[in-house]
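Trainee: Take a look at target-v4.pdb, PDB, C-alpha atoms:
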```
MODEL        1
ATOM      1  CA  MET L   4       0.000   0.000   0.000
ATOM      2  CA  SER L   5       2.773   2.468   0.852
ATOM      3  CA  GLU L   6       4.168   2.086  -2.667
ATOM      4  CA  TYR L   7       1.003   3.861  -3.848
ATOM      5  CA  LEU L   8       0.725   6.283  -0.954
ATOM      6  CA  LYS L   9       4.047   8.035  -1.623
ATOM      7  CA  PRO L  10       3.335   9.002  -5.254
ATOM      8  CA  ALA L  11      -0.240   9.904  -4.320
ATOM      9  CA  ALA L  12       1.000  12.243  -1.586
ATOM     10  CA  ALA L  13       3.512  13.836  -3.958
ATOM     11  CA  ILE L  14       0.790  14.337  -6.571
ATOM     12  CA  ALA L  15      -1.625  15.786  -3.992
ATOM     13  CA  LEU L  16       0.847  18.303  -2.535
ATOM     14  CA  PRO L  17       0.695  20.930  -5.312
ATOM     15  CA  PHE L  18      -3.094  20.925  -5.125
ATOM     16  CA  LEU L  19      -3.048  22.196  -1.518
ATOM     17  CA  GLY L  20      -1.857  25.667  -2.450
ATOM     18  CA  GLY L  21      -3.796  25.499  -5.682
ATOM     19  CA  ALA L  22      -7.030  24.985  -3.760
ATOM     20  CA  ALA L  23      -6.327  27.977  -1.528
ATOM     21  CA  GLY L  24      -5.480  30.061  -4.572
ATOM     22  CA  SER L  25      -8.683  29.090  -6.328
ATOM     23  CA  VAL L  26     -10.714  30.497  -3.436
ATOM     24  CA  ILE L  27      -8.889  33.825  -3.755
ATOM     25  CA  SER L  28      -9.144  33.988  -7.528
ATOM     26  CA  ARG L  29     -12.769  32.855  -7.631
ATOM     27  CA  THR L  30     -13.895  35.743  -5.420
ATOM     28  CA  ASN L  31     -11.918  38.283  -7.449
ATOM     29  CA  ILE L  32     -12.660  37.222 -11.022
ATOM     30  CA  SER L  33     -16.091  38.800 -11.385
ATOM     31  CA  GLN L  34     -15.477  41.680  -8.965
ATOM     32  CA  TRP L  35     -12.051  42.746 -10.246
ATOM     33  CA  TYR L  36     -10.393  40.684 -13.003
ATOM     34  CA  GLU L  37     -13.251  41.014 -15.483
ATOM     35  CA  ASN L  38     -13.095  44.804 -15.058
ATOM     36  CA  ILE L  39      -9.394  45.418 -15.707
ATOM     37  CA  LYS L  40      -7.771  45.829 -19.107
ATOM     38  CA  CYS L  41      -6.560  42.533 -20.581
ATOM     39  CA  PRO L  42      -5.088  41.614 -23.960
ATOM     40  CA  SER L  43      -7.365  40.094 -26.577
ATOM     41  CA  TRP L  44      -5.324  36.877 -26.492
ATOM     42  CA  ARG L  45      -6.085  36.201 -22.817
ATOM     43  CA  PRO L  46      -7.517  32.670 -22.547
ATOM     44  CA  PRO L  47     -11.089  32.287 -21.341
ATOM     45  CA  ASN L  48     -11.401  31.710 -17.607
ATOM     46  CA  TYR L  49     -12.689  28.143 -17.989
ATOM     47  CA  ILE L  50      -9.286  27.072 -19.408
ATOM     48  CA  PHE L  51      -7.324  27.743 -16.221
ATOM     49  CA  GLY L  52      -8.845  25.048 -13.985
ATOM     50  CA  PRO L  53      -8.184  22.082 -16.297
ATOM     51  CA  VAL L  54      -4.720  23.365 -17.217
ATOM     52  CA  TRP L  55      -3.664  23.769 -13.600
ATOM     53  CA  THR L  56      -5.153  20.387 -12.688
ATOM     54  CA  ALA L  57      -2.982  18.677 -15.298
ATOM     55  CA  LEU L  58       0.088  20.731 -14.404
ATOM     56  CA  TYR L  59      -0.204  20.257 -10.637
ATOM     57  CA  GLY L  60      -0.635  16.505 -11.046
ATOM     58  CA  SER L  61       2.339  16.212 -13.375
ATOM     59  CA  MET L  62       4.511  18.425 -11.142
ATOM     60  CA  GLY L  63       3.727  16.241  -8.161
ATOM     61  CA  TYR L  64       4.499  13.034 -10.029
ATOM     62  CA  ALA L  65       7.792  14.467 -11.311
ATOM     63  CA  SER L  66       8.789  15.347  -7.748
ATOM     64  CA  TYR L  67       8.002  11.789  -6.663
ATOM     65  CA  LEU L  68      10.259  10.364  -9.401
ATOM     66  CA  VAL L  69      13.138  12.561  -8.226
ATOM     67  CA  TRP L  70      12.494  11.736  -4.577
ATOM     68  CA  ARG L  71      12.384   8.002  -5.393
ATOM     69  CA  ASP L  72      15.429   7.906  -7.657
ATOM     70  CA  GLY L  73      17.508  10.476  -5.787
ATOM     71  CA  GLY L  74      17.482   8.970  -2.318
ATOM     72  CA  GLY L  75      14.808  11.160  -0.789
ATOM     73  CA  PHE L  76      15.529  14.401   1.009
ATOM     74  CA  GLN L  77      18.951  13.285   2.223
ATOM     75  CA  GLY L  78      20.413  12.036  -1.042
ATOM     76  CA  GLU L  79      21.110  13.368  -4.493
ATOM     77  CA  ALA L  80      17.537  14.691  -4.656
ATOM     78  CA  ALA L  81      18.009  17.167  -1.776
ATOM     79  CA  LEU L  82      18.799  20.226  -3.917
ATOM     80  CA  PRO L  83      16.302  19.423  -6.695
ATOM     81  CA  LEU L  84      13.543  18.929  -4.132
ATOM     82  CA  ALA L  85      14.491  22.142  -2.309
ATOM     83  CA  LEU L  86      14.198  23.999  -5.612
ATOM     84  CA  TYR L  87      10.925  22.218  -6.308
ATOM     85  CA  GLY L  88       9.585  23.341  -2.924
ATOM     86  CA  THR L  89      10.751  26.893  -3.609
ATOM     87  CA  GLN L  90       9.044  27.054  -6.984
ATOM     88  CA  LEU L  91       5.920  25.518  -5.487
ATOM     89  CA  ALA L  92       5.829  28.232  -2.810
ATOM     90  CA  LEU L  93       6.351  30.896  -5.484
ATOM     91  CA  ASN L  94       3.596  29.312  -7.553
ATOM     92  CA  TRP L  95       1.216  29.442  -4.616
ATOM     93  CA  ALA L  96       2.207  33.031  -3.782
ATOM     94  CA  TRP L  97       1.356  34.455  -7.211
ATOM     95  CA  THR L  98      -2.434  34.167  -6.839
ATOM     96  CA  PRO L  99      -2.718  36.133  -3.563
ATOM     97  CA  ILE L 100      -0.402  38.803  -4.976
ATOM     98  CA  PHE L 101      -2.212  39.133  -8.312
ATOM     99  CA  PHE L 102      -5.836  38.335  -7.463
ATOM    100  CA  GLY L 103      -5.877  39.063  -3.734
ATOM    101  CA  ALA L 104      -3.751  42.205  -3.405
ATOM    102  CA  HIS L 105      -4.131  43.348  -7.046
ATOM    103  CA  ARG L 106      -0.384  44.098  -7.087
ATOM    104  CA  LEU L 107       0.216  43.614 -10.801
ATOM    105  CA  GLY L 108       3.801  44.899 -10.834
ATOM    106  CA  LEU L 109       4.790  42.743  -7.880
ATOM    107  CA  ALA L 110       3.039  39.764  -9.476
ATOM    108  CA  THR L 111       5.106  40.350 -12.624
ATOM    109  CA  ILE L 112       8.345  40.308 -10.609
ATOM    110  CA  GLU L 113       7.187  37.296  -8.614
ATOM    111  CA  ILE L 114       6.290  35.238 -11.688
ATOM    112  CA  GLY L 115       9.691  36.064 -13.167
ATOM    113  CA  CYS L 116      11.286  34.586 -10.049
ATOM    114  CA  LEU L 117       8.978  31.580 -10.366
ATOM    115  CA  TRP L 118      10.035  31.090 -13.997
ATOM    116  CA  GLY L 119      13.727  31.117 -13.086
ATOM    117  CA  THR L 120      13.170  28.677 -10.244
ATOM    118  CA  ILE L 121      11.270  26.316 -12.545
ATOM    119  CA  VAL L 122      14.211  26.371 -14.977
ATOM    120  CA  ALA L 123      16.594  25.571 -12.107
ATOM    121  CA  THR L 124      14.265  22.805 -10.920
ATOM    122  CA  ILE L 125      14.168  21.241 -14.390
ATOM    123  CA  PHE L 126      17.951  21.426 -14.669
ATOM    124  CA  THR L 127      18.521  19.733 -11.310
ATOM    125  CA  PHE L 128      15.707  17.201 -11.835
ATOM    126  CA  HIS L 129      17.386  16.117 -15.078
ATOM    127  CA  LYS L 130      20.510  15.046 -13.179
ATOM    128  CA  VAL L 131      18.393  12.670 -11.079
ATOM    129  CA  ASN L 132      15.628  11.578 -13.473
ATOM    130  CA  ALA L 133      15.400  12.873 -17.047
ATOM    131  CA  THR L 134      11.740  11.900 -17.357
ATOM    132  CA  ALA L 135      10.869  14.020 -14.331
ATOM    133  CA  ALA L 136      12.590  17.003 -15.932
ATOM    134  CA  HIS L 137      10.740  16.457 -19.207
ATOM    135  CA  ILE L 138       7.414  16.210 -17.383
ATOM    136  CA  LEU L 139       7.939  19.814 -16.211
ATOM    137  CA  PHE L 140       8.312  21.270 -19.738
ATOM    138  CA  PRO L 141       4.560  21.924 -20.203
ATOM    139  CA  TYR L 142       4.558  23.669 -16.818
ATOM    140  CA  LEU L 143       7.448  25.875 -17.906
ATOM    141  CA  GLY L 144       5.617  26.614 -21.144
ATOM    142  CA  TRP L 145       2.439  27.606 -19.328
ATOM    143  CA  VAL L 146       4.293  29.786 -16.819
ATOM    144  CA  THR L 147       6.150  31.428 -19.708
ATOM    145  CA  PHE L 148       2.790  32.291 -21.265
ATOM    146  CA  ALA L 149       1.408  33.380 -17.871
ATOM    147  CA  SER L 150       4.469  35.587 -17.337
ATOM    148  CA  VAL L 151       3.910  37.403 -20.613
ATOM    149  CA  LEU L 152       0.196  37.721 -19.811
ATOM    150  CA  THR L 153       0.904  39.064 -16.318
ATOM    151  CA  PHE L 154       3.394  41.586 -17.698
ATOM    152  CA  LYS L 155       0.965  42.716 -20.402
ATOM    153  CA  ILE L 156      -1.901  43.110 -17.905
ATOM    154  CA  TRP L 157       0.365  45.113 -15.596
ATOM    155  CA  ARG L 158       1.440  47.411 -18.452
ATOM    156  CA  MET L 159      -2.157  47.869 -19.656
ATOM    157  CA  ASN L 160      -3.323  48.796 -16.140
ATOM    158  CA  LYS L 161      -0.176  50.510 -14.829
ATOM    159  CA  ASP L 162      -1.537  54.070 -15.009
ATOM    160  CA  ASP L 163      -4.835  53.048 -13.389
ATOM    161  CA  ASN L 164      -3.021  51.367 -10.486
ATOM    162  CA  GLU L 165      -0.628  54.284  -9.957
ATOM    163  CA  GLU L 166      -3.590  56.672  -9.887
ATOM    164  CA  LYS L 167      -5.376  54.557  -7.249
ATOM    165  CA  ASP L 168      -2.174  54.244  -5.170
ATOM    166  CA  SER L 169      -1.589  58.024  -5.174
ATOM    167  CA  LYS L 170      -5.192  58.712  -4.101
ATOM    168  CA  SER L 171      -4.944  56.265  -1.193
ATOM    169  CA  SER L 172      -1.668  57.809   0.064
TER     170      SER L 172
ENDMDL
END
```
Could you write out this file's structure as structure tokens?

Mentor:
Amino acid sequence: MSEYLKPAAAIALPFLGGAAGSVISRTNISQWYENIKCPSWRPPNYIFGPVWTALYGSMGYASYLVWRDGGGFQGEAALPLALYGTQLALNWAWTPIFFGAHRLGLATIEIGCLWGTIVATIFTFHKVNATAAHILFPYLGWVTFASVLTFKIWRMNKDDNEEKDSKSS
């Protein structure tokens, strides 16, 4: 039984922060997100749930492969898993920054840090398990797209946000 429990736990882990983030984003989509300026190429909202479900599951499974093949947290997998945990925390932090605090500039910086940490995670995963690294490529692709989208939304709404910030000061 434990041979199934370990990969299941690794797969479930990314969904914990994702679930918390979905509560934040869900309450802000109709009240805020639908009312800000967005590029015409922004995907429809119904795309995000299925995409993140697939990505979170694959991320979790990739981390399990590295944990299994790299000797757990004490072995060769220690650094790759630390980077994985870092990128997971950055992933979870983006939603409260963007949707919760409406800090578009900070969200742009944060997602840039996330992108770099994903690249580092892929690089270190590859040394332990090449398949695990390859599993993360769609995630990197999606975060690349999300980074460009976040930047574009920030630029389109930059003047509006600066005006609101100066009035509240």

Trainee: What's the separation between CA of Gly21 in chain L and CA of His129 in chain L, in Å to one decimal place?

Mentor: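 Between CA of Gly21 in chain L and CA of His129 in chain L the gap is 25.0 Å.
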
Trainee: Taking only C-alpha atoms into account, which of L:Gly88, L:Gly73, L:Pro47, L:Pro83 comes nearest Gly20 in chain L?

Mentor: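 That would be L:Gly88, the residue with the smallest distance to Gly20 in chain L.
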
Trainee: Evaluate the PyMOL selection byres ((chain L and resi 115) around 10) and record the selected residues as a list in words, following the chain and residue labels used in the document.

Mentor: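 After applying the PyMOL selection byres ((chain L and resi 115) around 10), what remains is Leu93, Leu109, Ala110, Thr111, Ile112, Glu113, Ile114, Cys116, Leu117, Trp118, Gly119, Thr120, Ile121, Val146, Thr147, Ala149, Ser150, Val151, Thr153 and Phe154 of chain L.
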
Trainee: Kindly resolve the PyMOL selection byres ((chain L and resi 136) around 9) on the present coordinates and return the residues as a PyMOL selection string.

Mentor: chain L and resi 65+69+124-135+137-140

Trainee: Could you work out how far CA of Asp162 in chain L lies from CA of Lys40 in chain L, giving the answer in Å with one decimal?

Mentor: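 Straight-line distance from CA of Lys40 in chain L to CA of Asp162 in chain L works out to 11.1 Å.
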
Trainee: For the PyMOL selection byres ((chain L and resi 9-14) around 10), applied here, can you spell out every residue it catches as a list in words?

Mentor: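 Those residues are Met4, Ser5, Glu6, Tyr7, Leu8, Ala15, Leu16, Pro17, Phe18, Tyr59, Gly60, Ser61, Met62, Gly63, Tyr64, Ala65, Ser66, Tyr67, Leu68, Trp70 and Arg71 of chain L.
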
Trainee: Select, counting all atoms listed in the file, all protein, DNA and RNA residues no farther than 10 Å from (-1.6, 42.2, -20.3) in file coordinates, and express the selection as a PDB file with C-alpha atoms, keeping the file's coordinate frame.

Mentor:
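Done, and the output landed in part-v8.pdb:
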```
ATOM      1  CA  ILE L  39      -9.394  45.418 -15.707  1.00  0.00           C
ATOM      2  CA  LYS L  40      -7.771  45.829 -19.107  1.00  0.00           C
ATOM      3  CA  CYS L  41      -6.560  42.533 -20.581  1.00  0.00           C
ATOM      4  CA  PRO L  42      -5.088  41.614 -23.960  1.00  0.00           C
ATOM      5  CA  SER L  43      -7.365  40.094 -26.577  1.00  0.00           C
ATOM      6  CA  TRP L  44      -5.324  36.877 -26.492  1.00  0.00           C
ATOM      7  CA  ARG L  45      -6.085  36.201 -22.817  1.00  0.00           C
ATOM      8  CA  LEU L 107       0.216  43.614 -10.801  1.00  0.00           C
ATOM      9  CA  ALA L 149       1.408  33.380 -17.871  1.00  0.00           C
ATOM     10  CA  SER L 150       4.469  35.587 -17.337  1.00  0.00           C
ATOM     11  CA  VAL L 151       3.910  37.403 -20.613  1.00  0.00           C
ATOM     12  CA  LEU L 152       0.196  37.721 -19.811  1.00  0.00           C
ATOM     13  CA  THR L 153       0.904  39.064 -16.318  1.00  0.00           C
ATOM     14  CA  PHE L 154       3.394  41.586 -17.698  1.00  0.00           C
ATOM     15  CA  LYS L 155       0.965  42.716 -20.402  1.00  0.00           C
ATOM     16  CA  ILE L 156      -1.901  43.110 -17.905  1.00  0.00           C
ATOM     17  CA  TRP L 157       0.365  45.113 -15.596  1.00  0.00           C
ATOM     18  CA  ARG L 158       1.440  47.411 -18.452  1.00  0.00           C
ATOM     19  CA  MET L 159      -2.157  47.869 -19.656  1.00  0.00           C
ATOM     20  CA  ASN L 160      -3.323  48.796 -16.140  1.00  0.00           C
TER      21      ASN L 160
END
```

Trainee: Could you check how far CA of Gly24 in chain L sits from CA of Asn94 in chain L, in Å to one decimal?

Mentor: 9.6 Å

Trainee: Any idea what's packed within 10 Å of Tyr36 in chain L, counting all atoms listed in the file, ignoring anything in its chain fewer than 6 positions away? Could you give it as a list in words?

Mentor: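 Result of the neighbour search: Ser28, Arg29, Thr30, Phe101, Phe102 and His105 of chain L.
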
Trainee: Let me know the centre plus edge lengths, in Å and rounded to one decimal, of a box with edges along x, y and z that contains all listed atoms of range 51-62 of chain L and is padded by 8 Å on every side, as AutoDock Vina command-line options.

Mentor:
```
--center_x -2.2 --center_y 22.0 --center_z -13.9 --size_x 29.4 --size_y 27.5 --size_z 22.6
```

Trainee: Just checking: using all atoms listed in the file, which residue out of L:Leu58, L:Ile27, L:Gly52, L:Gly108 ends up closest to Leu143 in chain L?

Mentor: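 Answer, going by the shortest atom-to-atom distance: L:Leu58.
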
Trainee: Which is closer to Trp95 in chain L than all the others in L:Pro46, L:Trp35, L:Asp163, L:Trp55, using only C-alpha atoms?

Mentor: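 Once distances to Trp95 in chain L are computed over only C-alpha atoms, the minimum belongs to L:Trp55.
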
Trainee: Please determine, counting only C-alpha atoms, which residue among L:Ser25, L:Leu82, L:Gly75, L:Ser33 has the shortest atom-to-atom distance to Trp97 in chain L.

Mentor: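 Closest candidate: L:Ser25.
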
Trainee: Using all atoms listed in the file, find the one residue out of L:Thr56, L:Thr89, L:Asn38, L:Thr98 that sits nearest to Val26 in chain L.

Mentor: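 The answer is L:Thr98, which sits nearest to Val26 in chain L.
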